[in-house]
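Containing compact mmCIF, C-alpha atoms: target_30.txt.
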```txt
# COMPACT_ATOMS: atom_id res chain seq x y z
CA MET A 158 80.15 66.17 59.33
CA LYS A 159 81.80 68.33 61.97
CA THR A 160 83.35 66.82 65.08
CA LEU A 161 84.09 68.45 68.44
CA LYS A 162 87.81 67.95 67.79
CA GLU A 163 87.67 70.92 65.42
CA LEU A 164 87.16 73.12 68.47
CA ASN A 165 90.63 72.12 69.56
CA GLU A 166 92.07 73.63 66.37
CA ILE A 167 90.20 76.89 67.02
CA ARG A 168 91.59 76.80 70.55
CA ALA A 169 95.17 76.61 69.29
CA LYS A 170 94.53 79.46 66.85
CA THR A 171 92.93 81.79 69.41
CA LEU A 172 95.40 81.17 72.24
CA ASP A 173 97.33 84.44 71.76
CA SER A 174 94.27 86.64 71.60
CA VAL A 175 92.84 84.97 74.72
CA ASN A 176 95.81 86.12 76.77
CA LEU A 177 95.56 89.67 75.41
CA ARG A 178 91.88 89.83 76.20
CA LYS A 179 92.16 88.94 79.84
CA GLN A 180 92.96 92.50 80.96
CA ARG A 181 90.25 94.16 78.91
CA ILE A 182 86.81 95.06 80.26
CA GLY A 183 84.34 94.66 77.47
CA THR A 184 80.90 95.78 76.39
CA ARG A 185 77.92 93.77 77.55
CA VAL A 186 74.74 93.39 75.49
CA VAL A 187 71.81 92.03 77.51
CA VAL A 188 68.53 90.91 75.92
CA GLY A 189 65.40 90.35 78.04
CA MET A 190 64.28 86.75 77.52
CA ALA A 191 61.39 86.21 79.90
CA THR A 192 58.01 85.06 78.55
CA CYS A 193 57.16 88.65 77.58
CA GLY A 194 60.39 89.11 75.63
CA ILE A 195 60.29 85.73 73.89
CA ALA A 196 56.64 86.18 72.88
CA ALA A 197 57.49 89.62 71.46
CA GLY A 198 60.30 88.19 69.31
CA ALA A 199 63.41 88.53 71.48
CA ARG A 200 65.07 85.32 70.30
CA PRO A 201 65.71 86.46 66.70
CA VAL A 202 67.05 89.73 68.16
CA LEU A 203 69.43 87.91 70.49
CA MET A 204 70.50 85.61 67.63
CA ALA A 205 71.13 88.66 65.44
CA PHE A 206 73.45 90.14 68.10
CA VAL A 207 75.27 86.81 68.50
CA ASP A 208 75.68 86.51 64.70
CA GLU A 209 76.75 90.13 64.18
CA VAL A 210 79.30 90.06 67.01
CA ALA A 211 80.70 86.76 65.69
CA ARG A 212 80.76 88.05 62.11
CA ARG A 213 82.69 91.17 63.10
CA ALA A 214 84.90 89.10 65.44
CA LEU A 215 84.30 91.49 68.35
CA ARG A 216 86.22 89.57 70.98
CA ASP A 217 85.57 91.94 73.89
CA VAL A 218 81.78 92.03 73.47
CA MET A 219 79.66 89.68 75.57
CA VAL A 220 76.06 88.97 74.48
CA THR A 221 73.87 87.53 77.23
CA GLN A 222 70.22 86.96 78.11
CA THR A 223 68.38 87.94 81.24
CA GLY A 224 64.88 87.65 82.68
CA CYS A 225 62.14 90.27 82.64
CA ILE A 226 63.60 93.78 82.53
CA GLY A 227 60.28 95.27 83.66
CA VAL A 228 58.70 97.19 80.78
CA CYS A 229 57.00 94.28 79.03
CA ARG A 230 55.02 96.54 76.67
CA LEU A 231 58.30 97.71 75.10
CA GLU A 232 59.77 94.24 74.54
CA PRO A 233 62.03 93.13 72.93
CA LEU A 234 64.34 95.14 75.19
CA VAL A 235 68.10 95.35 74.79
CA GLU A 236 70.51 96.91 77.28
CA VAL A 237 74.01 97.93 76.23
CA TYR A 238 76.65 98.44 78.91
CA ARG A 239 79.88 100.05 77.72
CA PRO A 240 82.65 100.38 80.30
CA GLY A 241 82.60 103.80 81.98
CA GLU A 242 79.34 104.86 80.32
CA ASP A 243 75.68 104.90 81.38
CA LYS A 244 73.54 101.94 80.39
CA VAL A 245 71.56 102.47 77.17
CA THR A 246 68.21 100.66 76.76
CA TYR A 247 66.78 99.99 73.30
CA VAL A 248 63.06 99.20 73.00
CA ASN A 249 60.85 97.31 70.51
CA VAL A 250 64.02 96.04 68.90
CA LYS A 251 63.80 94.13 65.63
CA PRO A 252 66.53 91.92 64.14
CA GLU A 253 67.03 94.33 61.23
CA GLN A 254 68.04 97.09 63.69
CA VAL A 255 70.84 95.04 65.22
CA ALA A 256 73.56 95.70 62.62
CA ARG A 257 73.22 99.48 63.09
CA ILE A 258 73.27 99.27 66.91
CA VAL A 259 76.42 97.13 66.73
CA SER A 260 78.22 99.37 64.25
CA GLU A 261 77.22 102.82 65.60
CA HIS A 262 76.99 102.15 69.31
CA ILE A 263 79.01 99.08 70.26
CA VAL A 264 81.87 99.65 67.83
CA ASN A 265 81.87 103.44 67.48
CA GLY A 266 80.39 104.55 70.79
CA ASN A 267 77.42 106.58 69.49
CA PRO A 268 74.07 105.28 70.78
CA VAL A 269 71.24 105.22 68.22
CA ASP A 270 69.15 107.73 70.17
CA GLU A 271 65.90 107.40 68.22
CA TRP A 272 65.57 103.71 69.20
CA THR A 273 66.25 104.15 72.92
CA ILE A 274 63.75 104.09 75.78
CA GLY A 275 64.20 107.88 76.15
CA ALA A 276 62.86 108.46 72.64
CA ALA A 277 59.97 105.99 73.23
CA ASP A 278 58.87 107.86 76.39
CA LYS A 279 58.54 111.15 74.49
CA GLU A 280 55.98 109.70 72.07
CA MET B 271 54.40 80.93 71.76
CA ARG B 272 54.54 80.05 68.10
CA GLU B 273 57.16 77.32 68.38
CA ILE B 274 57.98 74.45 70.72
CA SER B 275 61.57 75.69 70.71
CA LEU B 276 60.38 79.04 72.13
CA HIS B 277 58.58 77.23 74.97
CA VAL B 278 61.82 75.39 75.72
CA LEU B 279 63.76 78.66 75.86
CA ASP B 280 61.09 80.22 78.06
CA LEU B 281 61.03 77.31 80.52
CA ALA B 282 64.84 77.32 80.55
CA ASN B 283 64.71 80.95 81.62
CA ASN B 284 62.56 79.95 84.60
CA ALA B 285 65.38 77.60 85.55
CA LEU B 286 67.89 80.45 85.27
CA GLU B 287 65.70 82.65 87.47
CA ALA B 288 65.65 79.81 89.97
CA GLY B 289 69.46 79.95 90.15
CA ALA B 290 70.10 76.71 88.25
CA THR B 291 73.68 75.91 87.24
CA HIS B 292 72.79 72.75 85.36
CA LEU B 293 70.06 72.28 82.82
CA ASN B 294 68.94 69.15 81.05
CA VAL B 295 66.84 69.62 77.90
CA THR B 296 65.38 66.80 75.84
CA VAL B 297 63.29 66.91 72.69
CA ASP B 298 61.90 63.64 71.40
CA VAL B 299 59.82 62.91 68.30
CA GLN B 300 58.22 59.45 68.00
CA HIS B 301 56.22 58.59 64.90
CA GLY B 302 55.17 55.24 66.38
CA SER B 303 53.34 56.77 69.33
CA ASP B 304 52.54 59.97 67.36
CA THR B 305 54.11 62.22 70.00
CA VAL B 306 56.49 65.12 70.40
CA SER B 307 57.76 65.52 73.95
CA VAL B 308 60.11 67.88 75.69
CA SER B 309 61.53 67.99 79.18
CA ILE B 310 63.41 70.75 80.97
CA THR B 311 65.08 69.71 84.21
CA ASP B 312 67.14 72.04 86.39
CA ASN B 313 69.01 72.02 89.68
CA GLY B 314 67.62 75.41 90.74
CA CYS B 315 65.97 76.30 94.03
CA GLY B 316 62.84 74.22 93.35
CA MET B 317 59.32 74.85 94.59
CA ASP B 318 57.15 73.46 97.36
CA ASP B 319 53.83 71.84 96.41
CA GLU B 320 51.86 75.05 96.81
CA SER B 321 54.21 77.12 94.62
CA ALA B 322 54.31 74.34 92.03
CA LEU B 323 50.51 74.45 91.79
CA ARG B 324 50.49 78.23 91.68
CA ALA B 325 53.02 78.20 88.85
CA GLN B 326 50.42 76.47 86.68
CA ASP B 327 47.71 79.05 87.31
CA PRO B 328 47.92 82.16 85.11
CA PHE B 329 45.68 84.22 87.41
CA VAL B 330 47.38 83.70 90.73
CA THR B 331 51.02 84.28 89.88
CA SER B 332 52.24 87.38 91.61
CA ARG B 333 54.07 89.77 89.34
CA THR B 334 56.45 91.03 92.04
CA THR B 335 57.84 87.63 92.99
CA ARG B 336 57.97 86.82 89.30
CA LYS B 337 59.71 83.48 89.42
CA VAL B 338 57.46 81.95 86.81
CA GLY B 339 54.61 83.94 85.24
CA LEU B 340 52.62 82.98 82.18
CA GLY B 341 55.19 80.63 80.68
CA ILE B 342 54.10 77.42 82.40
CA PRO B 343 50.32 77.98 82.03
CA LEU B 344 50.75 78.71 78.29
CA PHE B 345 52.89 75.62 77.85
CA LYS B 346 50.49 73.41 79.80
CA ALA B 347 47.39 74.64 77.96
CA GLY B 348 49.15 74.16 74.62
CA CYS B 349 50.12 70.57 75.40
CA LEU B 350 46.75 69.53 76.83
CA GLY B 351 44.91 71.22 73.97
CA CYS B 352 46.83 69.12 71.45
CA GLY B 353 46.13 65.68 72.88
CA GLY B 354 49.29 65.73 74.94
CA THR B 355 50.38 65.57 78.55
CA PHE B 356 51.92 67.90 81.12
CA ARG B 357 53.84 67.16 84.30
CA LEU B 358 55.66 69.38 86.75
CA GLU B 359 57.81 67.92 89.49
CA SER B 360 59.67 70.07 91.93
CA GLU B 361 61.52 69.68 95.19
CA PRO B 362 62.76 72.63 97.22
CA GLY B 363 66.55 72.62 97.28
CA TRP B 364 66.80 70.07 94.46
CA GLY B 365 65.29 71.60 91.36
CA THR B 366 62.38 71.43 88.98
CA SER B 367 61.42 69.26 86.07
CA VAL B 368 58.82 70.30 83.52
CA MET B 369 57.67 67.78 80.95
CA GLY B 370 55.15 68.23 78.17
CA SER B 371 54.04 66.39 75.08
CA TRP B 372 51.85 66.99 72.06
CA LYS B 373 50.15 64.64 69.64
CA LEU B 374 52.55 64.83 66.67
CA SER B 375 49.77 64.84 64.08
CA HIS B 376 47.47 67.27 65.96
CA ILE B 377 46.50 70.13 63.67
CA ASP B 378 47.05 72.77 66.37
CA ARG B 379 50.45 71.51 67.49
CA PRO B 380 53.07 74.25 67.19
CA PRO B 381 56.07 73.39 65.00
CA LEU B 382 59.37 72.47 66.66
CA GLY B 383 60.72 75.71 65.22
CA ASP B 384 64.30 76.87 65.45
CA MET B 385 65.55 74.39 68.04
CA ALA B 386 69.15 75.09 66.93
CA ALA B 387 68.81 78.74 68.02
CA THR B 388 67.39 77.73 71.40
CA ALA B 389 70.18 75.19 71.98
CA LEU B 390 72.88 77.66 70.93
CA LEU B 391 71.61 80.43 73.22
CA LEU B 392 71.48 78.05 76.18
CA ILE B 393 74.97 76.71 75.41
CA LEU B 394 76.32 80.27 75.34
CA ASP B 395 74.73 81.23 78.67
CA PRO B 396 77.59 81.49 81.14
CA ARG B 397 75.33 80.75 84.12
CA ILE B 398 74.54 77.16 83.17
CA ASP B 399 75.95 73.93 81.88
CA LEU B 400 73.55 72.48 79.35
CA GLU B 401 72.91 68.87 78.46
CA PHE B 402 70.87 68.84 75.29
CA ARG B 403 69.40 65.76 73.66
CA ALA B 404 67.26 65.70 70.54
CA SER B 405 65.92 62.43 69.21
CA ILE B 406 63.61 61.13 66.54
CA ASP B 407 62.51 57.50 66.57
CA GLU B 408 65.81 55.60 66.98
CA LYS B 409 68.20 58.43 66.12
CA MET B 410 69.71 60.90 68.57
CA PHE B 411 71.92 63.99 68.77
CA ALA B 412 73.44 65.01 72.11
CA LEU B 413 75.54 67.97 73.11
CA ARG B 414 76.94 69.02 76.47
CA THR B 415 78.50 72.35 77.42
CA ALA B 416 81.04 70.37 79.48
CA ASP B 417 82.31 68.55 76.37
CA LEU B 418 82.71 71.82 74.47
CA ARG B 419 84.62 73.34 77.40
CA GLU B 420 86.91 70.36 77.54
CA GLU B 421 87.91 70.78 73.89
CA LEU B 422 88.26 74.53 74.26
CA GLY B 423 90.35 74.74 77.42
CA GLU B 424 90.99 78.40 78.24
CA THR B 425 89.37 79.68 75.03
CA PRO B 426 85.97 81.07 76.07
CA LEU B 427 82.74 79.72 74.62
CA HIS B 428 81.73 83.21 73.52
CA ASP B 429 84.83 83.68 71.37
CA PRO B 430 83.44 84.81 67.99
CA GLU B 431 85.05 82.00 66.02
CA VAL B 432 83.87 79.40 68.54
CA VAL B 433 80.31 80.78 68.48
CA GLY B 434 80.23 80.57 64.70
CA TRP B 435 81.48 76.99 64.79
CA ILE B 436 79.03 75.82 67.48
CA ALA B 437 76.13 77.53 65.69
CA SER B 438 76.75 75.67 62.44
CA TYR B 439 77.58 72.43 64.29
CA ILE B 440 74.20 72.42 66.05
CA ARG B 441 72.34 73.49 62.91
CA GLU B 442 73.93 70.82 60.70
CA SER B 443 73.49 68.11 63.31
CA LEU B 444 69.80 68.85 63.84
CA GLU B 445 69.20 69.05 60.10
CA ALA B 446 70.86 65.67 59.69
CA LEU B 447 68.84 64.26 62.59
CA PHE B 448 65.45 65.43 61.43
CA GLY B 449 66.35 64.83 57.77
CA GLY B 450 64.56 67.89 56.46
CA GLU B 451 61.19 66.67 57.76
CA ALA B 452 58.95 69.62 58.60
CA LEU B 453 58.25 69.11 62.28
```
Go ahead and render the structure in this file as structure tokens.
Amino acid sequence: MKTLKELNEIRAKTLDSVNLRKQRIGTRVVVGMATCGIAAGARPVLMAFVDEVARRALRDVMVTQTGCIGVCRLEPLVEVYRPGEDKVTYVNVKPEQVARIVSEHIVNGNPVDEWTIGAADKE
Amino acid sequence: MREISLHVLDLANNALEAGATHLNVTVDVQHGSDTVSVSITDNGCGMDDESALRAQDPFVTSRTTRKVGLGIPLFKAGCLGCGGTFRLESEPGWGTSVMGSWKLSHIDRPPLGDMAATALLLILDPRIDLEFRASIDEKMFALRTADLREELGETPLHDPEVVGWIASYIRESLEALFGGEAL
């Protein structure tokens, strides 16, 4: 059985990288988690982002939840904010799409255009 | 909502919208009284009596002031439809408490669902400190954001390694608590 004391060991291990990270502005991933988002399946999407970011040890990426983003019919909605770039909004996101968004967009800086709100509006 | 844990996450998001910084979540299963109950208590802006009543009515809630929405009416109808209870207490300036229960053996009762995911996501939310308690009969598991922060010091909660650890800590603890029983 795990105990909270183990967190103290992680703390000692990560101390150096914490200091390095302080100056860096990171990417923010925001998932809409109002009633509309949750009912449409936003929680598994948010969990997939949390898992993928942890798995890849992306220390400067922050995954957060927010309320209703405003286009409930396109939920689950995910907004990606990269420093110095325009916000990109992904629509109808499914957990299986998360790995590609993380690798192509968050890590390599190329938004997955066909899944964005711009592509959805053209349909 | 297909799971009780999704209702909890939804009601917690109402608390966040209300500017809460502290959130108390309890989940309790009692075989003796044949009940599942949850409570979500926040220190957000609270509601006056009129708003508290309006929050329970799916047809009156105004979309533009969207502080609540359909979440509370869905939750209330689900509880009352499964032989349970619902209570909402709120005080402007102090916060809101939403409590609901279901008859454990009711055929329409939603499953608890992935409570570990709900707890993890609320722990990781930088806007709030969570106090989470899950219990079944005489057994209990409790977790507080404040305790995690104390162990972590300057290491942030959203550090990838920390997230991975907390995720499996919550999952293992809840599995041990509920002992593999399908709830």
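Atom CA of B:Trp435 sits 12.6 Å away from atom CA of A:Ala214.
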Problem set entry | Point (66.9, 55.9, 66.6), cut-off 12 Å, counting all atoms listed in the file, residues as a ChimeraX atom specification | /B:298-302,404-411,447-448
Selection: 12 Å around stretch 365-367 of chain B, only C-alpha atoms, excl. self and same-chain fewer than 2 positions, as a tab-separated table (two decimals) with C-alpha atoms, in the coordinates of the input:
```
chain	number	residue	atom	x	y	z
B	281	LEU	CA	61.03	77.31	80.52
B	282	ALA	CA	64.84	77.32	80.55
B	284	ASN	CA	62.56	79.95	84.60
B	285	ALA	CA	65.38	77.60	85.55
B	286	LEU	CA	67.89	80.45	85.27
B	287	GLU	CA	65.70	82.65	87.47
B	288	ALA	CA	65.65	79.81	89.97
B	289	GLY	CA	69.46	79.95	90.15
B	290	ALA	CA	70.10	76.71	88.25
B	291	THR	CA	73.68	75.91	87.24
B	292	HIS	CA	72.79	72.75	85.36
B	293	LEU	CA	70.06	72.28	82.82
B	294	ASN	CA	68.94	69.15	81.05
B	295	VAL	CA	66.84	69.62	77.90
B	296	THR	CA	65.38	66.80	75.84
B	308	VAL	CA	60.11	67.88	75.69
B	309	SER	CA	61.53	67.99	79.18
B	310	ILE	CA	63.41	70.75	80.97
B	311	THR	CA	65.08	69.71	84.21
B	312	ASP	CA	67.14	72.04	86.39
B	313	ASN	CA	69.01	72.02	89.68
B	314	GLY	CA	67.62	75.41	90.74
B	315	CYS	CA	65.97	76.30	94.03
B	316	GLY	CA	62.84	74.22	93.35
B	317	MET	CA	59.32	74.85	94.59
B	318	ASP	CA	57.15	73.46	97.36
B	319	ASP	CA	53.83	71.84	96.41
B	321	SER	CA	54.21	77.12	94.62
B	322	ALA	CA	54.31	74.34	92.03
B	325	ALA	CA	53.02	78.20	88.85
B	338	VAL	CA	57.46	81.95	86.81
B	342	ILE	CA	54.10	77.42	82.40
B	356	PHE	CA	51.92	67.90	81.12
B	357	ARG	CA	53.84	67.16	84.30
B	358	LEU	CA	55.66	69.38	86.75
B	359	GLU	CA	57.81	67.92	89.49
B	360	SER	CA	59.67	70.07	91.93
B	361	GLU	CA	61.52	69.68	95.19
B	362	PRO	CA	62.76	72.63	97.22
B	363	GLY	CA	66.55	72.62	97.28
B	369	MET	CA	57.67	67.78	80.95
B	370	GLY	CA	55.15	68.23	78.17
```
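Minimum atom-to-atom distances from A:Thr223, A:Thr160, A:Thr171, A:Ser260 to A:Arg200 were compared using all atoms listed in the file, and the lowest value belongs to A:Thr223.
Atom CA of B:Leu276 lies 17.1 Å from atom CA of B:Ala437.
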Contact check, chain A to chain B, at most 7 Å, counting only C-alpha atoms, closest pairs as JSON lines:
```
{"residue": "A:Lys159", "atom": "CA", "partner": "B:Tyr439", "partner_atom": "CA", "distance": 6.3}
{"residue": "A:Lys162", "atom": "CA", "partner": "B:Glu421", "partner_atom": "CA", "distance": 6.7}
{"residue": "A:Leu164", "atom": "CA", "partner": "B:Glu421", "partner_atom": "CA", "distance": 6.0}
{"residue": "A:Asn165", "atom": "CA", "partner": "B:Glu421", "partner_atom": "CA", "distance": 5.3}
{"residue": "A:Ile167", "atom": "CA", "partner": "B:Val432", "partner_atom": "CA", "distance": 7.0}
{"residue": "A:Arg168", "atom": "CA", "partner": "B:Leu422", "partner_atom": "CA", "distance": 5.5}
{"residue": "A:Thr171", "atom": "CA", "partner": "B:Thr425", "partner_atom": "CA", "distance": 7.0}
{"residue": "A:Leu172", "atom": "CA", "partner": "B:Thr425", "partner_atom": "CA", "distance": 6.8}
{"residue": "A:Val175", "atom": "CA", "partner": "B:Thr425", "partner_atom": "CA", "distance": 6.3}
{"residue": "A:Ala191", "atom": "CA", "partner": "B:Asp280", "partner_atom": "CA", "distance": 6.3}
{"residue": "A:Thr192", "atom": "CA", "partner": "B:Gly341", "partner_atom": "CA", "distance": 5.7}
{"residue": "A:Ile195", "atom": "CA", "partner": "B:Leu276", "partner_atom": "CA", "distance": 6.9}
{"residue": "A:Ala196", "atom": "CA", "partner": "B:Met271", "partner_atom": "CA", "distance": 5.8}
{"residue": "A:Val210", "atom": "CA", "partner": "B:Pro430", "partner_atom": "CA", "distance": 6.8}
{"residue": "A:Ala211", "atom": "CA", "partner": "B:Pro430", "partner_atom": "CA", "distance": 4.1}
{"residue": "A:Ala214", "atom": "CA", "partner": "B:Pro430", "partner_atom": "CA", "distance": 5.2}
{"residue": "A:Leu215", "atom": "CA", "partner": "B:Pro430", "partner_atom": "CA", "distance": 6.7}
{"residue": "A:Arg216", "atom": "CA", "partner": "B:Asp429", "partner_atom": "CA", "distance": 6.1}
{"residue": "A:Thr221", "atom": "CA", "partner": "B:Asp395", "partner_atom": "CA", "distance": 6.5}
{"residue": "A:Gly224", "atom": "CA", "partner": "B:Asn283", "partner_atom": "CA", "distance": 6.8}
```
Mind dumping stretch 210-227 of chain A from that block, keeping N, CA and C atoms, as a short mmCIF file (atom, residue, chain, number, x, y, z; two decimals), in the first residue's frame?
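See decode-v1.cif below for the written result:
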```cif
data_model
loop_
_atom_site.label_atom_id
_atom_site.label_comp_id
_atom_site.auth_asym_id
_atom_site.auth_seq_id
_atom_site.Cartn_x
_atom_site.Cartn_y
_atom_site.Cartn_z
N VAL A 210 0.26 13.52 -20.86
CA VAL A 210 1.25 14.51 -20.45
C VAL A 210 2.16 13.93 -19.36
N ALA A 211 1.57 13.14 -18.44
CA ALA A 211 2.37 12.51 -17.39
C ALA A 211 3.29 11.44 -17.99
N ARG A 212 2.75 10.67 -18.94
CA ARG A 212 3.51 9.60 -19.55
C ARG A 212 4.73 10.13 -20.30
N ARG A 213 4.54 11.26 -21.00
CA ARG A 213 5.63 11.86 -21.76
C ARG A 213 6.48 12.80 -20.90
N ALA A 214 6.11 12.92 -19.61
CA ALA A 214 6.83 13.79 -18.68
C ALA A 214 6.98 15.21 -19.24
N LEU A 215 5.89 15.78 -19.74
CA LEU A 215 5.93 17.14 -20.27
C LEU A 215 5.74 18.11 -19.10
N ARG A 216 6.86 18.58 -18.55
CA ARG A 216 6.79 19.35 -17.32
C ARG A 216 6.28 20.77 -17.50
N ASP A 217 6.32 21.29 -18.72
CA ASP A 217 5.85 22.67 -18.90
C ASP A 217 4.45 22.73 -19.52
N VAL A 218 3.72 21.63 -19.47
CA VAL A 218 2.35 21.61 -19.97
C VAL A 218 1.39 21.52 -18.79
N MET A 219 0.39 22.40 -18.79
CA MET A 219 -0.58 22.43 -17.70
C MET A 219 -1.94 22.02 -18.26
N VAL A 220 -2.54 20.98 -17.71
CA VAL A 220 -3.86 20.53 -18.16
C VAL A 220 -4.88 20.97 -17.12
N THR A 221 -5.89 21.75 -17.54
CA THR A 221 -6.88 22.23 -16.58
C THR A 221 -8.29 22.07 -17.12
N GLN A 222 -9.28 22.24 -16.22
CA GLN A 222 -10.67 22.19 -16.64
C GLN A 222 -11.30 23.56 -16.49
N THR A 223 -12.31 23.81 -17.28
CA THR A 223 -13.03 25.06 -17.15
C THR A 223 -14.53 24.79 -17.28
N GLY A 224 -15.34 25.84 -17.19
CA GLY A 224 -16.79 25.66 -17.29
C GLY A 224 -17.22 25.54 -18.74
N CYS A 225 -18.41 26.05 -19.04
CA CYS A 225 -18.96 25.94 -20.39
C CYS A 225 -18.23 26.90 -21.31
N ILE A 226 -17.70 26.38 -22.42
CA ILE A 226 -16.96 27.22 -23.36
C ILE A 226 -17.92 27.93 -24.31
N GLY A 227 -19.13 27.39 -24.49
CA GLY A 227 -20.16 28.12 -25.22
C GLY A 227 -20.74 27.46 -26.45
#
```
